[in-house]
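Enquirer: There's a structure below that I have some questions on.
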Amino acid sequence: MATGSRSSLRRLALDAYRSLGDGDVLPLVELLDPKVEWAERTGPGRVHTVAGAAAVGALLTERSGAGRAVELRSVAVERDALVLSFSRPWWQSRPRSVQSLFVKGLGGRFVQTVTLGRLIERIESASTLAASPDPADEYDFAALGMLLHR
């Protein structure tokens, strides 16, 4: 699939992520460069990497399936990338893990950076800690405290 401009690719990619939220992975898979890379941080200093459109497409299909909610919270637009923030790490093999609870409890975010060229060249997934926790997530601190004191 060829795209006309960087701005049209950004728009198509954002629409594809919205479709992913509706359970339709095909629009995103169609935007993958043949040499696309998927990089998923799985822990401190550990990154799981998958390369190639077929392999990344299969991974997207697997991870977005099984009734997982893909809830897009925010989008930051950069010149060559989209930085997408999600309610939970839908892409992880175990999105409701204790690690995810800790990240959320500490005010963190679940982010995918989608690097754009002619098509989507890289999708990098990570959990990041916020500079200061969101007061609206106060209930998560209570859950975190209960886990730490067991």
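Chain labels run A, B, ... following the order of the structure tokens; each chain numbers its residues from 1, and ligands are numbered from 1 in the order shown.
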Can you pull out the residues contacting A:Ser87? Cut-off 10 Å, using only C-alpha atoms, and skip same-chain residues under 2 positions away; I want them as a list of chain:residue names.

Expert: A:Ala69, A:Val70, A:Glu71, A:Leu72, A:Arg73, A:Ser74, A:Ser85, A:Pro89, A:Trp90, A:Lys104, A:Arg109, A:Phe110, A:Val111

Enquirer: Using only C-alpha atoms, which residue out of A:Lys35, A:Arg41, A:Arg6, A:Arg11 lies closest to A:Ala55?

Expert: A:Lys35

Enquirer: Show me, as an NGL selection string, the residues that have an atom within 8 Å of A:Thr49 when counting only C-alpha atoms, minus same-chain residues fewer than 4 positions from it.

Expert: :A and (37-40)

Enquirer: Mind dumping the selected residues with C-alpha atoms as a short mmCIF file (atom, residue, chain, number, x, y, z; two decimals), in the first residue's frame?

Expert:
data_model
loop_
_atom_site.label_atom_id
_atom_site.label_comp_id
_atom_site.auth_asym_id
_atom_site.auth_seq_id
_atom_site.Cartn_x
_atom_site.Cartn_y
_atom_site.Cartn_z
CA GLU A 37 10.26 -4.17 13.33
CA TRP A 38 8.26 -4.78 16.49
CA ALA A 39 10.20 -4.07 19.68
CA GLU A 40 8.56 -4.83 23.02
#

Enquirer: A:Thr42, A:Ser64, A:Ser125, A:Gln112: which is nearest A:Leu14, counting only C-alpha atoms?

Expert: A:Gln112

Enquirer: Please, which residues of stretch 20-97 of chain A, numbered as in this document, come out helix (DSSP H, G or I) from DSSP, as a list in words?

Expert: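 Assigned to helix (DSSP H, G or I), within stretch 20-97 of chain A: Leu20, Gly21, Leu26, Pro27, Leu28, Val29, Ala53, Ala54, Ala55, Val56, Gly57, Ala58, Leu59, Leu60, Thr61, Glu62, Arg63 and Ser64 of chain A.
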
Enquirer: Just give me the gap between atom CA of A:Glu121 and atom CA of A:Pro44 in Å, one decimal is fine.

Expert: 24.0 Å
